Amino acid sequence: MTKYYSKDSRDSLKYNVCSAIETWKSTSWSELYSKEVFRDYVLPPNIAFEPLEFYWREDIPKWLHYKDTSDVLVSAQRINRKVDIVTDFEAWGNPPLGYTETMEGNVGKCDDRAILTAMAMRSYGIPAAYEFIPCWGSRNNGHSFCSVILPDLKLAVFQDKFDSGLTEYFSHKVPKIYRFYSYGGVNSLDKYAYQTRYLEDTHAIDVTDQHNISQIEEVSLPLYNDSNSSVYLSVYSNKTWMPVAKESLRKKTRVTFKHIGTGKNISNGDISLGENIGDGILYLPITYQGNSCLPVSSPVIVSEDGIRAIKPSSVKERIIISRKYPRLQRIVGFANNMKGGYFEMGSDEGITTVRWQYKIVDTPNSYVETIPVKYNTPVKWIRFRKPRGAFSIADLHVFNQDGKEIEGQIISDKALEGLSELENVFDDDVLSFFELPVSYDLWVGIRFKEPTIVGSFDYCPRTDFNDITPGHSYDIYYWDDRWIMLGNHIAENNYLEVDIPKGALILVDDVTAGKEIRPFTFEDGRQIWW
């Protein structure tokens, strides 16, 4: 489609405001709203904290080409489907793009899509707001989206182009939701600045209670002492604590926070989306001295069942650590793509007669596994074959009976011949992979230089490389008003055995490689992730 996004003499505040008034009067729903809704969610030329440009209100209808209906929700749904930009999740945390930059690049973060979607809605006289989750309660970043205010003041939430607005589905645990609104001046607000600016600014309001997520109306917690400093409720985010709520009431050594998320959606139930994800959200009450974050109480888990504090015991217990970050559902899905596949060996030149076979019956682990081969006859090739479903593999290496790697030529099904991505399977990098969404009995393998007896082979599904890796160096910490290092451990296996204070909150940091870490507790013989 043709996009215009060219500035002209109409790139002015005066024209933007006049256009908003004219469009609003022409809609069939303007009389269903109060003047305040128009003032706050249609009239303002800025959506949140993006670089301020005015011509978008005139420009968007040129490329969106939509004639509104008499129904606000139907109009919003159709407009949302036409906002088609590529979302770059890796850019989260960067400052927001302006309208011109978003349109020229056709790519942006969830922030940029939320802002552009709200612009598109307002261009057609639909009340819309930019809303954001400052940090997930189960992942090391946050999220933004566009909410349309319906005539009954309920919200239609639009996160991507396929949303209907009716089902409020969040992919991770939600502690708090805020909304930006203003007539200007919000550019001075840096959402990404350290500490608590968005919680102090009058342009941000708490709208958690307007959303369909499970939440506790009041969370009251004890404090170590009666301090005059403001207290914030924070969640863990990549080696730091991110404030998500400010105290609403203080009585001596107790503090109360309002509308605190428990980590579940009412509409779609449990959103743990991974293995051994804890029930609830981990929070820590903090205050600040300059740029330093200071705990003022013990960390707590807030769930639908209530509130429980996490405190280390003086008694130690030995635990088994298998990962430094939860195996999220998408990683389980990658591993599951190998389920039902076969490793096969043979000696014929035509790669048709199978002499030995190993089937992946269950979902494999997400690390390199070694499979011993008890077949004492020389073979000429080995392959991984998937009869149906997605085809996915990250690594494959073959060894003789002396443990020496067997070299050879990459071979594959005719449908895959010539694809350079096949080299990813044999490059000693588990983070590279070969994957196809659909498989019709495809295969990839190695033809040996000469017939050889195979002693074993290693394979790995597509992975996030967050399992414990032999040879890597790990620092282990537990929380007792700060992260206290228990020591450094060199992994000899795909797990670590460590003595820790019973009941403690734990972190495992891979010093050798990797960035992702999250805290966990050890309960009933398992790592439980928060």
# chains A, B, ... in the order shown; residues from 1 in each chain; ligands from 1
call {"tool": "select_by_dssp", "arguments": {"residues": "range 72-212 of chain A", "states": "strand (DSSP E or B)", "output": "number ranges by chain"}}
result
A: 86-87, 107-108, 128-133, 143-149, 155-158, 178-180, 204-206
call {"tool": "residues_around", "arguments": {"residues": "Leu419 in chain A", "least_positions_apart": "4", "cutoff": "12 Å", "atoms": "only C-alpha atoms", "output": "list in words"}}
result
Ile410, Ile411, Ser412, Asp413, Lys414, Ala415, Glu423, Asn424, Val425, Phe434, Glu435, Leu436 and Val444 of chain A
call {"tool": "select_by_dssp", "arguments": {"residues": "range 110-180 of chain A", "states": "alpha helix (DSSP H)", "output": "NGL selection string"}}
result
:A and (110-123)
call {"tool": "write_last_selection", "arguments": {"atoms": "C-alpha atoms", "output": "PDB file, in the first residue's frame"}}
result
ATOM      1  CA  CYS A 110       5.873  -2.601  21.302  1.00  0.00           C
ATOM      2  CA  ASP A 111       6.109   1.032  22.491  1.00  0.00           C
ATOM      3  CA  ASP A 112       6.179   2.276  18.915  1.00  0.00           C
ATOM      4  CA  ARG A 113       3.325   0.074  17.770  1.00  0.00           C
ATOM      5  CA  ALA A 114       1.212   1.147  20.754  1.00  0.00           C
ATOM      6  CA  ILE A 115       1.868   4.813  20.003  1.00  0.00           C
ATOM      7  CA  LEU A 116       1.165   4.432  16.277  1.00  0.00           C
ATOM      8  CA  THR A 117      -2.030   2.457  16.969  1.00  0.00           C
ATOM      9  CA  ALA A 118      -3.273   5.138  19.373  1.00  0.00           C
ATOM     10  CA  MET A 119      -2.479   7.786  16.740  1.00  0.00           C
ATOM     11  CA  ALA A 120      -4.474   5.838  14.149  1.00  0.00           C
ATOM     12  CA  MET A 121      -7.441   5.532  16.519  1.00  0.00           C
ATOM     13  CA  ARG A 122      -7.414   9.235  17.387  1.00  0.00           C
ATOM     14  CA  SER A 123      -7.123  10.125  13.701  1.00  0.00           C
TER      15      SER A 123
END
call {"tool": "closest_residue", "arguments": {"among": "A:Ile393, A:Gln289, A:Met242, A:Thr69", "to": "Ser230 in chain A", "atoms": "only C-alpha atoms"}}
result
A:Gln289
call {"tool": "closest_atom_pairs", "arguments": {"of": "range 291-319 of chain A", "to": "range 490-499 of chain A", "cutoff": "7 Å", "atoms": "only C-alpha atoms", "output": "tab-separated table"}}
result
residue	atom	partner	partner_atom	distance
A:Lys316	CA	A:Asp499	CA	6.1
A:Glu317	CA	A:Asp499	CA	5.4
A:Arg318	CA	A:Asp499	CA	4.3
A:Ile319	CA	A:Val498	CA	5.5
call {"tool": "residues_around", "arguments": {"residues": "Ala48 in chain A", "least_positions_apart": "2", "cutoff": "6 Å", "atoms": "only C-alpha atoms", "output": "ChimeraX atom specification"}}
result
/A:46,50,180
call {"tool": "atom_distance", "arguments": {"atom1": "CA of Ile320 in chain A", "atom2": "CA of Ile281 in chain A"}}
result
23.0 Å
call {"tool": "closest_residue", "arguments": {"among": "A:Glu304, A:Glu516, A:Glu131, A:Asp524", "to": "Phe49 in chain A", "atoms": "only C-alpha atoms"}}
result
A:Glu131
call {"tool": "closest_residue", "arguments": {"among": "A:Asp209, A:His203, A:Lys161, A:Ser297", "to": "Pro222 in chain A", "atoms": "only C-alpha atoms"}}
result
A:Ser297
call {"tool": "residues_around", "arguments": {"residues": "range 327-341 of chain A", "least_positions_apart": "3", "cutoff": "10 Å", "atoms": "only C-alpha atoms", "output": "ChimeraX atom specification"}}
result
/A:272-277,323-324,344,358-367,384-394,435-437,441-443,460-467,529
call {"tool": "closest_residue", "arguments": {"among": "A:Ile205, A:Ala245, A:Met345, A:Ile126", "to": "Gly445 in chain A", "atoms": "only C-alpha atoms"}}
result
A:Met345
call {"tool": "closest_residue", "arguments": {"among": "A:Trp136, A:Trp29, A:Phe162, A:Trp56", "to": "Tyr15 in chain A", "atoms": "only C-alpha atoms"}}
result
A:Trp56
call {"tool": "atom_distance", "arguments": {"atom1": "CA of Phe158 in chain A", "atom2": "CA of Val17 in chain A"}}
result
24.6 Å
call {"tool": "closest_residue", "arguments": {"among": "A:Ser214, A:Thr240, A:Ser138, A:Asn400", "to": "Ile528 in chain A", "atoms": "only C-alpha atoms"}}
result
A:Ser138
call {"tool": "residues_around", "arguments": {"residues": "Glu217 in chain A", "least_positions_apart": "6", "cutoff": "9 Å", "atoms": "only C-alpha atoms", "output": "MDAnalysis selection string"}}
result
chainID A and resid 209 257:261
call {"tool": "residues_around", "arguments": {"residues": "Glu53 in chain A", "least_positions_apart": "4", "cutoff": "10 Å", "atoms": "only C-alpha atoms", "output": "list in words"}}
result
Lys7, Asp11, Ser12, Leu13, Asn16, Pro45, Asn46, Arg57, Gly98, Tyr99 and Thr100 of chain A
call {"tool": "decode", "arguments": {"residues": "range 219-345 of chain A", "atoms": "C-alpha atoms", "output": "mmCIF file, in the first residue's frame"}}
result
data_model
loop_
_atom_site.group_PDB
_atom_site.id
_atom_site.type_symbol
_atom_site.label_atom_id
_atom_site.label_comp_id
_atom_site.auth_asym_id
_atom_site.auth_seq_id
_atom_site.Cartn_x
_atom_site.Cartn_y
_atom_site.Cartn_z
ATOM 1 C CA VAL A 219 -1.140 -5.680 49.980
ATOM 2 C CA SER A 220 0.032 -4.683 53.461
ATOM 3 C CA LEU A 221 3.621 -5.483 54.421
ATOM 4 C CA PRO A 222 5.814 -4.944 57.506
ATOM 5 C CA LEU A 223 8.800 -2.584 57.323
ATOM 6 C CA TYR A 224 12.137 -2.877 59.085
ATOM 7 C CA ASN A 225 11.770 0.629 60.489
ATOM 8 C CA ASP A 226 9.703 3.795 60.319
ATOM 9 C CA SER A 227 11.457 5.770 57.584
ATOM 10 C CA ASN A 228 10.427 9.049 56.004
ATOM 11 C CA SER A 229 11.520 7.885 52.542
ATOM 12 C CA SER A 230 8.919 6.746 50.012
ATOM 13 C CA VAL A 231 8.548 2.995 49.719
ATOM 14 C CA TYR A 232 8.117 1.232 46.385
ATOM 15 C CA LEU A 233 7.107 -2.295 45.521
ATOM 16 C CA SER A 234 9.570 -3.767 43.014
ATOM 17 C CA VAL A 235 9.978 -6.870 40.877
ATOM 18 C CA TYR A 236 13.189 -8.600 39.858
ATOM 19 C CA SER A 237 14.667 -7.595 36.513
ATOM 20 C CA ASN A 238 18.091 -8.730 35.347
ATOM 21 C CA LYS A 239 20.218 -8.363 38.496
ATOM 22 C CA THR A 240 18.268 -5.379 39.800
ATOM 23 C CA TRP A 241 14.882 -4.528 41.338
ATOM 24 C CA MET A 242 12.470 -2.536 39.187
ATOM 25 C CA PRO A 243 9.888 -0.409 41.080
ATOM 26 C CA VAL A 244 6.334 -0.994 39.826
ATOM 27 C CA ALA A 245 4.156 0.590 42.547
ATOM 28 C CA LYS A 246 4.391 3.388 45.071
ATOM 29 C CA GLU A 247 3.039 3.151 48.602
ATOM 30 C CA SER A 248 -0.576 4.228 48.990
ATOM 31 C CA LEU A 249 -0.659 4.197 52.793
ATOM 32 C CA ARG A 250 1.948 4.157 55.582
ATOM 33 C CA LYS A 251 1.270 3.456 59.242
ATOM 34 C CA LYS A 252 4.476 3.401 61.278
ATOM 35 C CA THR A 253 6.184 0.142 60.302
ATOM 36 C CA ARG A 254 3.610 -1.127 57.813
ATOM 37 C CA VAL A 255 3.080 -0.085 54.218
ATOM 38 C CA THR A 256 0.131 -0.715 51.886
ATOM 39 C CA PHE A 257 0.057 -0.986 48.103
ATOM 40 C CA LYS A 258 -3.120 -0.986 45.987
ATOM 41 C CA HIS A 259 -4.174 -3.366 43.194
ATOM 42 C CA ILE A 260 -1.180 -5.710 42.998
ATOM 43 C CA GLY A 261 -1.119 -8.389 40.310
ATOM 44 C CA THR A 262 -0.891 -12.064 41.233
ATOM 45 C CA GLY A 263 0.339 -13.298 37.852
ATOM 46 C CA LYS A 264 -2.833 -14.696 36.313
ATOM 47 C CA ASN A 265 -5.278 -13.484 33.676
ATOM 48 C CA ILE A 266 -8.922 -13.815 34.595
ATOM 49 C CA SER A 267 -9.851 -14.422 30.951
ATOM 50 C CA ASN A 268 -7.299 -17.147 30.163
ATOM 51 C CA GLY A 269 -6.277 -18.492 33.547
ATOM 52 C CA ASP A 270 -2.722 -19.551 34.323
ATOM 53 C CA ILE A 271 -0.110 -17.812 32.183
ATOM 54 C CA SER A 272 2.952 -19.426 33.730
ATOM 55 C CA LEU A 273 4.031 -20.555 30.237
ATOM 56 C CA GLY A 274 6.974 -22.667 31.260
ATOM 57 C CA GLU A 275 8.309 -25.451 33.451
ATOM 58 C CA ASN A 276 8.239 -25.070 37.245
ATOM 59 C CA ILE A 277 7.000 -21.483 37.193
ATOM 60 C CA GLY A 278 5.885 -20.447 40.672
ATOM 61 C CA ASP A 279 2.311 -19.489 41.501
ATOM 62 C CA GLY A 280 2.333 -15.744 42.064
ATOM 63 C CA ILE A 281 4.730 -12.833 41.605
ATOM 64 C CA LEU A 282 7.892 -12.106 43.585
ATOM 65 C CA TYR A 283 7.973 -8.576 45.043
ATOM 66 C CA LEU A 284 10.464 -6.661 47.178
ATOM 67 C CA PRO A 285 9.626 -3.440 49.092
ATOM 68 C CA ILE A 286 12.450 -0.941 48.549
ATOM 69 C CA THR A 287 13.420 2.656 49.104
ATOM 70 C CA TYR A 288 16.196 4.775 47.596
ATOM 71 C CA GLN A 289 19.221 6.615 48.859
ATOM 72 C CA GLY A 290 20.416 8.499 45.819
ATOM 73 C CA ASN A 291 20.666 5.900 43.095
ATOM 74 C CA SER A 292 21.053 3.050 45.570
ATOM 75 C CA CYS A 293 18.158 0.658 46.055
ATOM 76 C CA LEU A 294 17.661 -0.444 49.666
ATOM 77 C CA PRO A 295 15.336 -3.252 50.809
ATOM 78 C CA VAL A 296 13.009 -2.312 53.656
ATOM 79 C CA SER A 297 11.360 -5.713 54.125
ATOM 80 C CA SER A 298 11.699 -9.336 53.079
ATOM 81 C CA PRO A 299 10.791 -10.406 49.534
ATOM 82 C CA VAL A 300 7.262 -11.782 49.278
ATOM 83 C CA ILE A 301 5.253 -13.933 46.891
ATOM 84 C CA VAL A 302 1.829 -12.444 46.150
ATOM 85 C CA SER A 303 -0.615 -14.996 44.748
ATOM 86 C CA GLU A 304 -4.338 -15.636 44.731
ATOM 87 C CA ASP A 305 -3.777 -17.729 47.862
ATOM 88 C CA GLY A 306 -2.313 -14.781 49.763
ATOM 89 C CA ILE A 307 1.090 -13.382 50.703
ATOM 90 C CA ARG A 308 4.127 -15.297 51.936
ATOM 91 C CA ALA A 309 7.554 -13.987 52.853
ATOM 92 C CA ILE A 310 10.782 -15.617 51.674
ATOM 93 C CA LYS A 311 13.425 -15.792 54.375
ATOM 94 C CA PRO A 312 16.607 -17.910 54.496
ATOM 95 C CA SER A 313 16.918 -20.405 57.332
ATOM 96 C CA SER A 314 19.985 -21.039 59.437
ATOM 97 C CA VAL A 315 19.674 -24.674 58.345
ATOM 98 C CA LYS A 316 21.328 -25.631 55.061
ATOM 99 C CA GLU A 317 20.182 -28.135 52.474
ATOM 100 C CA ARG A 318 21.788 -29.609 49.361
ATOM 101 C CA ILE A 319 19.995 -28.763 46.141
ATOM 102 C CA ILE A 320 20.340 -29.751 42.480
ATOM 103 C CA ILE A 321 20.509 -26.818 40.046
ATOM 104 C CA SER A 322 19.851 -27.646 36.399
ATOM 105 C CA ARG A 323 19.212 -24.177 34.929
ATOM 106 C CA LYS A 324 19.913 -20.505 35.576
ATOM 107 C CA TYR A 325 16.725 -19.287 33.871
ATOM 108 C CA PRO A 326 13.313 -20.952 33.530
ATOM 109 C CA ARG A 327 12.651 -23.182 30.540
ATOM 110 C CA LEU A 328 9.863 -21.133 29.037
ATOM 111 C CA GLN A 329 7.156 -22.706 26.928
ATOM 112 C CA ARG A 330 8.699 -21.604 23.648
ATOM 113 C CA ILE A 331 11.951 -23.375 24.585
ATOM 114 C CA VAL A 332 9.993 -26.485 25.548
ATOM 115 C CA GLY A 333 8.272 -26.153 22.163
ATOM 116 C CA PHE A 334 11.613 -26.082 20.344
ATOM 117 C CA ALA A 335 12.671 -29.273 22.117
ATOM 118 C CA ASN A 336 9.286 -30.845 21.486
ATOM 119 C CA ASN A 337 9.793 -30.300 17.742
ATOM 120 C CA MET A 338 12.344 -33.125 17.829
ATOM 121 C CA LYS A 339 9.934 -35.527 19.510
ATOM 122 C CA GLY A 340 8.954 -38.329 17.148
ATOM 123 C CA GLY A 341 12.126 -37.939 15.113
ATOM 124 C CA TYR A 342 14.735 -40.654 14.441
ATOM 125 C CA PHE A 343 18.492 -40.877 14.341
ATOM 126 C CA GLU A 344 19.347 -43.521 11.758
ATOM 127 C CA MET A 345 22.531 -45.127 10.428
#
